[in-house]
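Structure file protein_3.cif (mmCIF, C-alpha atoms) is printed below.
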```cif
data_input
loop_
_atom_site.label_atom_id
_atom_site.label_comp_id
_atom_site.auth_asym_id
_atom_site.auth_seq_id
_atom_site.Cartn_x
_atom_site.Cartn_y
_atom_site.Cartn_z
CA MET A 8 -77.10 -18.47 59.90
CA ALA A 9 -79.99 -16.78 58.05
CA SER A 10 -82.65 -18.02 55.66
CA ALA A 11 -85.19 -16.66 53.15
CA VAL A 12 -88.01 -17.94 50.88
CA LEU A 13 -89.35 -16.96 47.45
CA PRO A 14 -92.98 -15.97 47.01
CA SER A 15 -95.38 -18.58 45.61
CA GLY A 16 -95.38 -18.73 41.84
CA SER A 17 -94.10 -20.64 38.89
CA LEU A 18 -90.35 -20.59 39.62
CA CYS A 19 -90.28 -24.33 40.09
CA ALA A 20 -92.12 -24.87 36.82
CA ALA A 21 -89.74 -22.50 35.09
CA ALA A 22 -86.81 -24.46 36.42
CA ALA A 23 -88.28 -27.66 35.02
CA ALA A 24 -88.81 -26.00 31.65
CA ALA A 25 -85.23 -24.75 31.59
CA ALA A 26 -84.02 -28.26 32.21
CA ALA A 27 -85.96 -29.49 29.16
CA ALA A 28 -84.85 -26.66 26.86
CA PRO A 29 -82.20 -27.10 24.11
CA PRO A 30 -78.57 -26.88 25.31
CA GLY A 31 -77.95 -23.42 23.91
CA LEU A 32 -81.02 -21.99 25.59
CA ARG A 33 -80.79 -24.01 28.76
CA LEU A 34 -77.88 -22.05 30.26
CA ARG A 35 -79.54 -18.71 29.63
CA LEU A 36 -82.78 -19.84 31.21
CA ARG A 37 -80.99 -21.14 34.25
CA LEU A 38 -79.09 -17.89 34.77
CA LEU A 39 -82.29 -15.91 34.39
CA LEU A 40 -84.00 -18.14 36.86
CA LEU A 41 -81.16 -17.60 39.34
CA LEU A 42 -81.44 -13.84 39.03
CA LEU A 43 -85.19 -13.95 39.57
CA SER A 44 -84.87 -16.19 42.59
CA ALA A 45 -82.15 -14.01 44.13
CA ALA A 46 -84.23 -10.87 43.66
CA ALA A 47 -87.32 -12.46 45.16
CA LEU A 48 -85.71 -13.77 48.37
CA ILE A 49 -87.54 -12.78 51.53
CA PRO A 50 -86.85 -13.74 55.19
CA THR A 51 -88.48 -16.84 56.58
CA GLY A 52 -88.89 -18.43 59.98
CA ASP A 53 -88.01 -21.79 61.49
CA GLY A 54 -89.02 -25.18 60.16
CA GLN A 55 -86.92 -25.21 56.97
CA ASN A 56 -85.33 -28.38 55.61
CA LEU A 57 -81.85 -27.04 54.74
CA ILE A 58 -78.86 -27.86 57.00
CA THR A 59 -75.24 -26.67 56.81
CA GLU A 60 -72.26 -25.92 59.13
CA ASP A 61 -69.69 -23.18 59.40
CA VAL A 62 -66.22 -24.04 58.12
CA THR A 63 -62.84 -23.04 59.57
CA VAL A 64 -59.84 -23.73 57.36
CA VAL A 65 -56.15 -22.87 57.29
CA GLU A 66 -54.96 -20.79 54.38
CA GLY A 67 -53.81 -23.00 51.52
CA GLU A 68 -55.81 -26.02 52.60
CA VAL A 69 -59.20 -27.41 51.41
CA ALA A 70 -62.62 -26.25 52.61
CA THR A 71 -65.70 -28.42 52.13
CA ILE A 72 -69.17 -26.85 51.97
CA SER A 73 -72.18 -29.10 52.43
CA CYS A 74 -75.84 -28.21 51.72
CA ARG A 75 -78.15 -30.98 53.03
CA VAL A 76 -81.92 -31.49 52.92
CA LYS A 77 -83.67 -33.21 55.85
CA ASN A 78 -86.85 -34.20 54.01
CA SER A 79 -86.03 -34.32 50.32
CA ASP A 80 -88.83 -33.84 47.76
CA ASP A 81 -86.48 -33.82 44.72
CA SER A 82 -86.27 -30.00 44.83
CA VAL A 83 -83.32 -28.28 43.15
CA ILE A 84 -80.27 -27.35 45.35
CA GLN A 85 -77.77 -24.66 44.44
CA LEU A 86 -74.72 -23.01 46.12
CA LEU A 87 -73.80 -19.30 45.86
CA ASN A 88 -70.59 -17.44 46.83
CA PRO A 89 -70.42 -14.30 49.04
CA ASN A 90 -71.08 -12.17 45.92
CA ARG A 91 -74.20 -14.27 45.31
CA GLN A 92 -72.75 -15.80 42.19
CA THR A 93 -73.88 -19.34 41.54
CA ILE A 94 -71.13 -21.86 42.19
CA TYR A 95 -73.18 -24.99 41.55
CA PHE A 96 -76.74 -25.42 40.29
CA ARG A 97 -77.47 -29.06 41.01
CA ASP A 98 -74.39 -30.76 39.50
CA PHE A 99 -73.65 -27.94 37.05
CA ARG A 100 -70.96 -25.29 37.76
CA PRO A 101 -71.67 -21.94 36.05
CA LEU A 102 -68.73 -20.27 37.88
CA LYS A 103 -65.42 -20.65 36.07
CA ASP A 104 -63.28 -20.90 39.24
CA SER A 105 -61.85 -24.40 38.89
CA ARG A 106 -60.88 -24.54 42.55
CA PHE A 107 -64.51 -25.48 43.26
CA GLN A 108 -65.10 -29.16 42.64
CA LEU A 109 -68.20 -31.28 43.10
CA VAL A 110 -67.74 -33.87 45.82
CA ASN A 111 -71.27 -35.28 46.04
CA PHE A 112 -74.65 -34.52 44.50
CA SER A 113 -78.00 -36.15 45.27
CA ASN A 114 -81.58 -35.15 46.00
CA SER A 115 -80.62 -34.67 49.66
CA GLU A 116 -77.08 -33.15 49.47
CA LEU A 117 -74.86 -30.86 47.48
CA ARG A 118 -71.24 -31.05 48.67
CA VAL A 119 -68.52 -28.88 47.12
CA SER A 120 -64.79 -28.57 47.90
CA LEU A 121 -62.68 -25.42 47.60
CA THR A 122 -58.95 -26.05 47.23
CA ASN A 123 -56.06 -23.70 47.98
CA VAL A 124 -58.18 -21.44 50.18
CA SER A 125 -57.00 -17.83 50.52
CA ILE A 126 -58.00 -14.98 52.79
CA SER A 127 -60.14 -13.55 49.95
CA ASP A 128 -62.35 -16.66 50.04
CA GLU A 129 -63.54 -15.83 53.56
CA GLY A 130 -67.24 -14.91 53.97
CA ARG A 131 -70.79 -16.24 53.72
CA TYR A 132 -71.80 -18.96 51.22
CA PHE A 133 -75.50 -19.56 50.56
CA CYS A 134 -77.40 -22.82 50.09
CA GLN A 135 -80.74 -22.47 48.25
CA LEU A 136 -83.53 -25.03 47.92
CA TYR A 137 -86.20 -24.50 45.24
CA THR A 138 -89.32 -25.51 47.15
CA ASP A 139 -92.64 -23.78 47.42
CA PRO A 140 -91.83 -21.45 49.03
CA PRO A 141 -88.03 -21.56 48.22
CA GLN A 142 -85.58 -21.74 51.17
CA GLU A 143 -82.09 -20.36 51.82
CA ILE A 144 -79.44 -20.81 54.51
CA TYR A 145 -75.83 -19.62 54.75
CA THR A 146 -72.54 -21.01 56.05
CA THR A 147 -69.49 -18.93 57.03
CA ILE A 148 -65.97 -19.82 55.94
CA THR A 149 -63.28 -18.55 58.31
CA VAL A 150 -59.71 -18.59 57.03
CA LEU A 151 -56.83 -18.92 59.51
CA VAL A 152 -53.49 -17.44 58.49
CA PRO A 153 -50.35 -18.55 60.35
CA PRO A 154 -47.55 -16.02 60.91
CA ARG A 155 -45.70 -15.26 57.71
CA ASN A 156 -42.40 -14.94 59.52
CA LEU A 157 -41.08 -15.36 63.07
CA MET A 158 -38.00 -13.38 64.02
CA ILE A 159 -36.05 -13.09 67.28
CA ASP A 160 -33.60 -10.31 67.95
CA ILE A 161 -31.20 -9.84 70.88
CA GLN A 162 -30.06 -6.36 71.78
CA LYS A 163 -26.42 -7.47 72.27
CA ASP A 164 -24.77 -10.51 70.74
CA THR A 165 -22.45 -10.80 73.77
CA ALA A 166 -23.50 -9.77 77.27
CA VAL A 167 -21.60 -9.47 80.55
CA GLU A 168 -22.81 -11.27 83.67
CA GLY A 169 -25.18 -9.13 85.72
CA GLU A 170 -26.20 -7.08 82.68
CA GLU A 171 -29.84 -6.63 81.62
CA ILE A 172 -30.49 -7.21 77.91
CA GLU A 173 -33.55 -6.78 75.70
CA VAL A 174 -34.85 -9.63 73.51
CA ASN A 175 -37.62 -9.09 70.92
CA CYS A 176 -39.71 -11.60 68.96
CA THR A 177 -41.98 -10.62 66.05
CA ALA A 178 -44.73 -12.75 64.43
CA MET A 179 -45.82 -11.07 61.18
CA ALA A 180 -49.13 -11.11 59.26
CA SER A 181 -51.24 -13.68 61.07
CA LYS A 182 -54.98 -14.10 61.49
CA PRO A 183 -56.09 -14.08 64.23
CA ALA A 184 -53.41 -12.36 66.33
CA THR A 185 -50.64 -14.63 67.61
CA THR A 186 -49.83 -15.30 71.27
CA ILE A 187 -46.07 -15.33 71.95
CA ARG A 188 -44.53 -17.29 74.84
CA TRP A 189 -40.93 -17.05 76.12
CA PHE A 190 -38.64 -19.77 77.48
CA LYS A 191 -35.09 -19.69 78.82
CA GLY A 192 -34.03 -23.31 78.61
CA ASN A 193 -37.00 -25.15 80.18
CA LYS A 194 -38.14 -22.20 82.30
CA GLU A 195 -41.03 -20.08 81.00
CA LEU A 196 -40.66 -16.31 81.25
CA THR A 197 -43.11 -13.43 80.83
CA GLY A 198 -42.78 -10.83 78.10
CA LYS A 199 -44.75 -7.76 77.05
CA SER A 200 -46.64 -7.90 73.73
CA GLU A 201 -47.95 -5.27 71.30
CA VAL A 202 -50.43 -5.97 68.44
CA GLU A 203 -50.67 -4.06 65.15
CA GLU A 204 -53.59 -4.63 62.74
CA TRP A 205 -53.36 -4.02 59.02
CA SER A 206 -55.97 -5.13 56.47
CA ASP A 207 -57.47 -7.83 58.70
CA MET A 208 -53.98 -9.17 59.42
CA TYR A 209 -52.08 -8.88 62.70
CA THR A 210 -48.42 -8.39 63.57
CA VAL A 211 -47.42 -9.14 67.17
CA THR A 212 -44.16 -8.04 68.82
CA SER A 213 -43.16 -9.32 72.28
CA GLN A 214 -40.39 -7.81 74.40
CA LEU A 215 -38.44 -9.68 77.09
CA MET A 216 -36.06 -8.02 79.58
CA LEU A 217 -33.51 -10.52 80.86
CA THR A 218 -30.73 -10.20 83.48
CA VAL A 219 -28.02 -12.72 82.61
CA GLY A 220 -25.48 -14.57 84.74
CA LYS A 221 -22.56 -16.86 83.99
CA GLU A 222 -24.88 -19.88 84.27
CA ASP A 223 -26.86 -18.52 81.27
CA ASP A 224 -23.92 -18.82 78.88
CA GLY A 225 -24.91 -21.20 76.07
CA VAL A 226 -28.57 -21.42 77.21
CA PRO A 227 -31.20 -20.97 74.44
CA VAL A 228 -33.85 -18.23 74.60
CA ILE A 229 -36.92 -19.58 72.80
CA CYS A 230 -39.79 -17.63 71.21
CA LEU A 231 -42.82 -19.95 70.86
CA VAL A 232 -46.01 -19.18 68.90
CA ASP A 233 -49.51 -20.15 70.05
CA HIS A 234 -51.83 -20.00 67.02
CA PRO A 235 -54.74 -22.21 65.85
CA ALA A 236 -53.28 -22.44 62.35
CA VAL A 237 -49.86 -23.80 63.33
CA LYS A 238 -48.24 -26.11 65.90
CA ASP A 239 -44.71 -26.06 67.33
CA MET A 240 -43.66 -22.91 65.53
CA GLN A 241 -40.69 -21.41 67.32
CA THR A 242 -37.33 -19.76 66.92
CA GLN A 243 -34.42 -19.43 69.34
CA ARG A 244 -31.12 -17.72 70.02
CA TYR A 245 -28.31 -18.91 72.27
CA LEU A 246 -27.06 -16.52 74.93
CA GLU A 247 -23.37 -15.65 75.01
CA VAL A 248 -22.38 -14.36 78.44
CA GLN A 249 -18.90 -13.24 79.49
CA TYR A 250 -17.89 -13.60 83.14
CA LYS A 251 -14.81 -13.05 85.27
CA PRO A 252 -12.54 -15.99 86.16
CA GLN A 253 -13.27 -18.59 88.81
CA VAL A 254 -9.98 -19.45 90.58
CA HIS A 255 -9.06 -22.56 92.59
CA ILE A 256 -5.66 -23.60 94.00
CA GLN A 257 -4.86 -27.30 93.82
CA LEU A 258 -2.13 -28.81 96.06
CA THR A 259 -0.01 -31.05 93.84
CA TYR A 260 2.79 -31.91 96.29
CA PRO A 261 3.16 -33.07 99.03
CA PRO A 262 0.16 -35.36 98.57
CA GLN A 263 -0.51 -35.74 102.31
CA GLY A 264 -0.74 -31.95 102.73
CA LEU A 265 1.80 -31.72 105.59
CA THR A 266 4.74 -29.42 104.82
CA ARG A 267 8.00 -29.76 106.81
CA GLU A 268 11.39 -28.19 106.57
CA GLY A 269 13.36 -29.55 103.66
CA ASP A 270 10.24 -30.67 101.73
CA THR A 271 9.06 -29.45 98.31
CA LEU A 272 5.78 -27.57 97.79
CA GLU A 273 4.02 -27.48 94.41
CA LEU A 274 0.73 -25.59 93.82
CA THR A 275 -1.38 -25.45 90.65
CA CYS A 276 -3.71 -22.52 89.92
CA GLU A 277 -6.87 -23.49 88.03
CA ALA A 278 -8.74 -20.55 86.44
CA ILE A 279 -11.89 -20.73 84.27
CA GLY A 280 -13.64 -17.73 82.73
CA LYS A 281 -15.09 -16.32 79.51
CA PRO A 282 -13.04 -15.28 77.76
CA GLN A 283 -10.43 -17.65 79.14
CA PRO A 284 -7.96 -15.82 81.42
CA THR A 285 -4.80 -14.90 79.54
CA MET A 286 -2.66 -14.16 82.60
CA VAL A 287 -2.18 -16.05 85.87
CA ASN A 288 0.00 -14.40 88.51
CA TRP A 289 1.43 -15.71 91.81
CA VAL A 290 2.12 -13.30 94.69
CA ARG A 291 2.89 -13.55 98.38
CA LEU A 292 0.85 -11.35 100.68
CA ASP A 293 2.84 -8.90 102.84
CA ASP A 294 6.15 -10.08 101.37
CA ASP A 295 7.97 -11.04 98.19
CA LEU A 296 8.08 -14.56 96.83
CA PRO A 297 11.04 -16.58 98.20
CA GLN A 298 14.12 -16.40 96.01
CA HIS A 299 14.13 -20.17 95.58
CA ALA A 300 10.47 -20.17 94.42
CA VAL A 301 9.90 -21.04 90.74
CA VAL A 302 6.76 -19.88 88.84
CA SER A 303 6.01 -21.83 85.67
CA GLY A 304 2.78 -20.76 84.01
CA SER A 305 0.03 -21.56 86.51
CA ASN A 306 2.33 -23.63 88.78
CA LEU A 307 4.27 -22.48 91.85
CA LEU A 308 7.22 -24.63 93.03
CA ILE A 309 9.18 -24.05 96.26
CA ASN A 310 12.04 -26.44 96.98
CA ASN A 311 13.80 -27.01 100.33
CA LEU A 312 11.11 -25.39 102.47
CA ASN A 313 12.07 -23.53 105.66
CA LYS A 314 10.15 -21.50 108.21
CA THR A 315 10.92 -18.22 106.43
CA ASP A 316 8.63 -19.44 103.63
CA ASN A 317 5.58 -19.27 105.92
CA GLY A 318 2.83 -16.97 104.68
CA THR A 319 -0.19 -16.65 102.39
CA TYR A 320 0.31 -17.23 98.66
CA ARG A 321 -2.25 -15.84 96.21
CA CYS A 322 -3.08 -16.84 92.65
CA GLU A 323 -4.64 -14.02 90.60
CA ALA A 324 -6.34 -14.49 87.20
CA SER A 325 -7.93 -11.82 85.01
CA ASN A 326 -9.77 -11.30 81.72
CA VAL A 327 -11.65 -8.41 80.10
CA VAL A 328 -14.54 -8.78 82.57
CA GLY A 329 -12.59 -8.66 85.83
CA THR A 330 -10.03 -10.19 88.21
CA ALA A 331 -10.42 -12.96 90.77
CA HIS A 332 -8.06 -14.74 93.17
CA SER A 333 -7.65 -17.67 95.56
CA ASP A 334 -5.32 -17.95 98.60
CA TYR A 335 -3.21 -20.74 100.11
CA THR A 336 -1.71 -20.46 103.61
CA LEU A 337 1.67 -22.18 104.06
CA TYR A 338 2.99 -23.24 107.47
CA VAL A 339 6.30 -25.10 107.57
CA TYR A 340 6.84 -27.51 110.48
CA ASP A 341 9.99 -28.95 111.98
CA PRO A 342 11.40 -32.12 110.47
CA PRO A 343 10.02 -35.31 112.05
CA THR A 344 11.83 -36.16 115.34
CA THR A 345 13.23 -39.64 116.13
CA ILE A 346 11.85 -41.13 119.36
CA PRO A 347 14.59 -42.87 121.53
CA PRO A 348 14.26 -46.65 121.80
CA PRO A 349 12.42 -47.89 124.91
CA THR A 350 14.16 -49.83 127.72
CA THR A 351 11.91 -52.87 127.60
CA THR A 352 10.41 -55.00 124.92
CA THR A 353 6.90 -54.43 126.24
CA THR A 354 7.25 -50.65 126.03
CA THR A 355 8.71 -50.85 122.53
CA THR A 356 5.78 -52.89 121.25
CA THR A 357 3.24 -50.45 122.67
CA ILE A 358 4.95 -47.37 121.22
CA LEU A 359 5.33 -48.87 117.75
CA THR A 360 1.71 -49.94 117.61
CA ILE A 361 0.40 -46.49 118.52
CA ILE A 362 2.61 -44.63 116.05
CA THR A 363 1.78 -46.95 113.15
CA ASP A 364 -2.00 -46.84 113.60
CA THR A 365 -2.17 -43.07 114.10
CA THR A 366 0.03 -42.19 111.12
CA ALA A 367 -2.11 -44.33 108.81
CA THR A 368 -5.21 -42.24 109.52
CA THR A 369 -3.65 -38.78 109.09
CA GLU A 370 -5.69 -36.73 106.54
CA PRO A 371 -4.02 -34.17 104.20
CA ALA A 372 -5.23 -30.59 103.90
CA VAL A 373 -5.43 -28.61 100.68
CA HIS A 374 -5.49 -24.92 101.46
CA ASP A 375 -3.64 -24.89 104.83
CA SER A 376 -0.44 -26.83 105.34
CA ARG A 377 -0.93 -26.88 109.13
CA ALA A 378 -3.91 -29.20 109.01
CA GLY A 379 -1.92 -32.46 109.01
CA GLU A 380 0.59 -31.42 111.71
CA ASP A 381 -1.94 -31.34 114.55
CA ASN A 382 -2.81 -35.00 114.12
CA SER A 383 0.85 -35.95 113.87
CA ILE A 384 1.77 -34.06 117.08
CA ARG A 385 -1.14 -35.61 118.92
CA ALA A 386 0.01 -39.05 117.75
CA VAL A 387 3.55 -38.48 119.10
CA ASP A 388 2.18 -37.14 122.42
CA HIS A 389 0.02 -40.21 122.88
CA ALA A 390 2.97 -42.46 122.12
CA VAL A 391 5.22 -40.73 124.67
CA ILE A 392 2.53 -40.79 127.35
CA GLY A 393 1.91 -44.48 126.70
CA GLY A 394 5.61 -45.25 127.02
CA VAL A 395 5.94 -43.32 130.28
CA VAL A 396 2.91 -45.06 131.75
CA ALA A 397 4.33 -48.44 130.77
CA VAL A 398 7.69 -47.66 132.43
CA VAL A 399 6.00 -46.48 135.63
CA VAL A 400 3.84 -49.57 135.81
CA PHE A 401 6.85 -51.80 135.22
CA ALA A 402 8.85 -50.00 137.96
CA MET A 403 6.00 -50.38 140.43
CA LEU A 404 5.75 -54.07 139.70
CA CYS A 405 9.47 -54.48 140.31
CA LEU A 406 9.22 -52.57 143.62
CA LEU A 407 6.34 -54.72 144.78
CA ILE A 408 8.31 -57.88 144.00
CA ILE A 409 11.36 -56.65 145.94
CA LEU A 410 9.28 -55.67 148.98
CA GLY A 411 7.49 -58.97 148.91
CA ARG A 412 10.71 -60.93 148.93
CA TYR A 413 12.10 -58.77 151.76
CA PHE A 414 9.13 -59.31 154.04
CA ALA A 415 9.03 -63.01 153.25
CA ARG A 416 12.70 -63.44 154.30
CA HIS A 417 12.25 -61.78 157.81
CA LYS A 418 8.93 -63.36 158.64
CA GLY A 419 8.80 -64.60 162.43
CA THR A 420 11.77 -62.61 163.74
CA TYR A 421 10.92 -61.14 167.26
CA PHE A 422 13.04 -59.30 169.83
CA THR A 423 12.33 -58.64 173.55
CA HIS A 424 14.11 -56.74 176.23
CA GLU A 425 13.78 -59.45 178.84
CA ALA A 426 17.11 -61.05 177.98
CA LYS A 427 18.92 -57.82 177.30
CA GLY A 428 22.44 -58.06 178.79
CA ALA A 429 22.29 -61.81 179.35
CA ASP A 430 24.92 -62.46 176.70
CA ASP A 431 27.68 -60.69 178.70
CA ALA A 432 26.84 -62.23 182.14
CA ALA A 433 29.29 -64.64 183.86
CA ASP A 434 26.57 -66.82 185.30
CA ALA A 435 22.82 -67.20 185.37
CA ASP A 436 22.21 -65.02 188.38
CA THR A 437 24.20 -62.19 186.89
CA ALA A 438 22.34 -62.52 183.60
CA ILE A 439 19.01 -62.25 185.35
CA ILE A 440 20.15 -59.22 187.29
CA ASN A 441 21.53 -57.55 184.13
CA ALA A 442 18.33 -58.26 182.22
CA GLU A 443 16.16 -56.80 184.89
CA GLY A 444 18.37 -53.74 185.11
CA GLY A 445 17.71 -52.88 181.45
CA GLN A 446 13.94 -52.59 181.90
CA ASN A 447 12.00 -49.45 182.67
CA ASN A 448 11.24 -48.88 186.33
CA SER A 449 13.79 -51.55 187.28
CA GLU A 450 14.00 -50.24 190.75
CA GLU A 451 10.39 -51.04 191.43
CA LYS A 452 10.69 -54.66 190.10
CA LYS A 453 13.83 -55.89 191.90
CA GLU A 454 13.64 -59.43 193.35
CA TYR A 455 15.99 -60.91 195.83
CA PHE A 456 16.99 -64.60 196.25
CA ILE A 457 18.10 -66.00 199.55
#
```
I need this file expressed as structure tokens, please.
Amino acid sequence: MASAVLPSGSLCAAAAAAAAAPPGLRLRLRLLLLLLSAAALIPTGDGQNLITEDVTVVEGEVATISCRVKNSDDSVIQLLNPNRQTIYFRDFRPLKDSRFQLVNFSNSELRVSLTNVSISDEGRYFCQLYTDPPQEIYTTITVLVPPRNLMIDIQKDTAVEGEEIEVNCTAMASKPATTIRWFKGNKELTGKSEVEEWSDMYTVTSQLMLTVGKEDDGVPVICLVDHPAVKDMQTQRYLEVQYKPQVHIQLTYPPQGLTREGDTLELTCEAIGKPQPTMVNWVRLDDDLPQHAVVSGSNLLINNLNKTDNGTYRCEASNVVGTAHSDYTLYVYDPPTTIPPPTTTTTTTTILTIITDTTATTEPAVHDSRAGEDNSIRAVDHAVIGGVVAVVVFAMLCLLIILGRYFARHKGTYFTHEAKGADDAADADTAIINAEGGQNNSEEKKEYFI
């Protein structure tokens, strides 16, 4: 702010005389007095009574200018525009611009509003107080201009995944210069901005280089403006990204995933891409498709499977971007074998229990038909082993029982050689002699009876 005073003299008296003059002469005297006071302004120091504040306003809105007096002595207050034309002298408006309207007038304040502010209204406005010496102070009106237009432009309407594209955003004719921010979805990105100035107005262009992927399809790119004159000003464009198909093979039948001879196999090829794949093709690696295989759209059906159908089957899908595939490995197993009935009730119960529990927990596989067979084979092996063990245990129990009964029947039986030959003797003496003759070293143990 700056201030000035008029030299001592009769300006105050002249102002009082002009106020008392006839209406026709009063206006002329007031204008003359204004010219004299403006010509006689000289700088002054501190200690003045006038107070005012700078004003910042958005174009098209209302600015309020206030000239206040700290210690009023009933001196005259007037307001001048940047061209030093009087807007208000006390409560009188010499200027014909009707956008200026008196808000408040008293001995201590002159408050004026300016509606529909434009960039041409920007500048210094002066408050003058007719004291002895007269005083002057100025306030600055700053006009903010939001961007006239916000435009976003994408180099290519449709991009291919992995491609780098250029996106530009332009904010035209703002004051001060605009700050542009970039967002892809909720993620903020960094662009490169250039500023052009023309007649106190600024045009800002920001460039963003973006490498797109299939996940960016349908995601908005947002150009957001940071400017003191406007809030939440933005524009956006949605990305359109083309990408090659994504292929997945779904096992439709058999549901448990285990393929055996005589069964039916049905596979479904699921392909998603942009644009949507127009062609889905089934092939068999290293060989032709079986003659009994039926291809219907994206489905592959093979009835009455046999081991010659083993191999890897591939589903291929393509669009204008590229080609993709997914593989399924088929392994055909033997038909389920029937286990011969066990010889005992105990063995039968054990085998049935093991087979039932193991089969219930068999998990199917999707991309390899051999996954379920391993569990099934292991279940049969365990059942056979359990049956054999049961038979062996039962046989051992039977053997132990037979041996026990045999030893119990012959308990206490004892043979000696002392009476050997006694059964064939004619009398007792002969029996004794015969018995002794059957022993070892009988010659040394002979006894004679007299």
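Here the question is which of A:Leu196, A:Leu246, A:Val327, A:Val124 gets nearest to Val65 in chain A using only C-alpha atoms, and that residue is A:Val124.
For the file at hand, the PyMOL selection byres ((chain A and resi 328) around 7) resolves to A:Gln249, A:Tyr250, A:Lys251, A:Asn326, A:Val327, A:Gly329.
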Work out how far CA of Lys281 in chain A is from CA of Asp334 in chain A, in Å to one decimal.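 Interatomic distance here is 21.5 Å.
Compared by their closest atoms to Asn175 in chain A, and using all atoms listed in the file, the residues A:Val150, A:Cys230, A:Lys191, A:Pro140 rank with A:Cys230 nearest.
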Computed gap from CA of Tyr320 in chain A to CA of Leu296 in chain A is 8.4 Å
Could you please determine the separation between CA of Leu217 in chain A and CA of Ile172 in chain A in Å, to one decimal place?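 Separation of CA of Leu217 in chain A and CA of Ile172 in chain A: 5.4 Å.
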Residues selected by the PyMOL selection byres ((chain A and resi 138) around 8), written as a list in words: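 Selected by the PyMOL selection byres ((chain A and resi 138) around 8) in this file: Cys19, Ser82, Val83, Leu136, Tyr137, Asp139, Pro140, Pro141 and Gln142 of chain A.
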Shell of 10 Å around range 100-110 of chain A, all atoms listed in the file, local chain residues under 2 positions omitted, as an mmCIF file with C-alpha atoms, in the coordinates of the input:
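Done, and the output landed in around-v7.cif:
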```
data_model
loop_
_atom_site.group_PDB
_atom_site.id
_atom_site.type_symbol
_atom_site.label_atom_id
_atom_site.label_comp_id
_atom_site.auth_asym_id
_atom_site.auth_seq_id
_atom_site.Cartn_x
_atom_site.Cartn_y
_atom_site.Cartn_z
ATOM 1 C CA LEU A 34 -77.880 -22.050 30.260
ATOM 2 C CA ARG A 37 -80.990 -21.140 34.250
ATOM 3 C CA LEU A 38 -79.090 -17.890 34.770
ATOM 4 C CA VAL A 69 -59.200 -27.410 51.410
ATOM 5 C CA ALA A 70 -62.620 -26.250 52.610
ATOM 6 C CA THR A 71 -65.700 -28.420 52.130
ATOM 7 C CA ILE A 72 -69.170 -26.850 51.970
ATOM 8 C CA SER A 73 -72.180 -29.100 52.430
ATOM 9 C CA GLN A 85 -77.770 -24.660 44.440
ATOM 10 C CA LEU A 86 -74.720 -23.010 46.120
ATOM 11 C CA LEU A 87 -73.800 -19.300 45.860
ATOM 12 C CA ASN A 88 -70.590 -17.440 46.830
ATOM 13 C CA GLN A 92 -72.750 -15.800 42.190
ATOM 14 C CA THR A 93 -73.880 -19.340 41.540
ATOM 15 C CA ILE A 94 -71.130 -21.860 42.190
ATOM 16 C CA TYR A 95 -73.180 -24.990 41.550
ATOM 17 C CA PHE A 96 -76.740 -25.420 40.290
ATOM 18 C CA ARG A 97 -77.470 -29.060 41.010
ATOM 19 C CA ASP A 98 -74.390 -30.760 39.500
ATOM 20 C CA PHE A 112 -74.650 -34.520 44.500
ATOM 21 C CA LEU A 117 -74.860 -30.860 47.480
ATOM 22 C CA ARG A 118 -71.240 -31.050 48.670
ATOM 23 C CA VAL A 119 -68.520 -28.880 47.120
ATOM 24 C CA SER A 120 -64.790 -28.570 47.900
ATOM 25 C CA LEU A 121 -62.680 -25.420 47.600
ATOM 26 C CA THR A 122 -58.950 -26.050 47.230
ATOM 27 C CA ASN A 123 -56.060 -23.700 47.980
ATOM 28 C CA VAL A 124 -58.180 -21.440 50.180
#
```
On this file, the PyMOL selection byres ((chain A and resi 216) around 7) gives some set of residues; write that set as a CSV table (one decimal) with C-alpha atoms, in the coordinates of the input.
```
chain,number,residue,atom,x,y,z
A,171,GLU,CA,-29.8,-6.6,81.6
A,172,ILE,CA,-30.5,-7.2,77.9
A,173,GLU,CA,-33.6,-6.8,75.7
A,174,VAL,CA,-34.8,-9.6,73.5
A,214,GLN,CA,-40.4,-7.8,74.4
A,215,LEU,CA,-38.4,-9.7,77.1
A,217,LEU,CA,-33.5,-10.5,80.9
A,218,THR,CA,-30.7,-10.2,83.5
```
Contact residues around Asp316 in chain A with all atoms listed in the file at 7 Å, ignoring same-chain residues under 3 positions, as a PyMOL selection string: chain A and resi 297+312-313
Gly130 in chain A: which residues within 6 Å, counting all atoms listed in the file, same-chain residues fewer than 5 positions away excluded, as a PyMOL selection string? chain A and resi 89+147-148
Around the point (-22.3, -19.6, 74.5), in the coordinates given by the file, pick out the residues reaching within 7 Å, counting all atoms listed in the file, and return them as a PDB file with C-alpha atoms, in the frame of the given file.
```pdb
ATOM      1  CA  ASP A 224     -23.920 -18.820  78.880  1.00  0.00           C
ATOM      2  CA  GLY A 225     -24.910 -21.200  76.070  1.00  0.00           C
ATOM      3  CA  TYR A 245     -28.310 -18.910  72.270  1.00  0.00           C
ATOM      4  CA  LEU A 246     -27.060 -16.520  74.930  1.00  0.00           C
ATOM      5  CA  GLU A 247     -23.370 -15.650  75.010  1.00  0.00           C
ATOM      6  CA  VAL A 248     -22.380 -14.360  78.440  1.00  0.00           C
TER       7      VAL A 248
END
```
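Close contacts of Leu157 in chain A, defined as residues with an atom at most 8 Å away when counting all atoms listed in the file, with chain neighbours fewer than 5 positions off set aside, comprise A:Cys176, A:Thr177, A:Ala178, A:Met179, A:Gln241, A:Thr242.
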Within 6 Å of range 152-154 of chain A, counting only C-alpha atoms, which residues show up once you throw out same-chain ones fewer than 5 positions away? Write them as number ranges by chain, please. A: 66, 178-182, 236
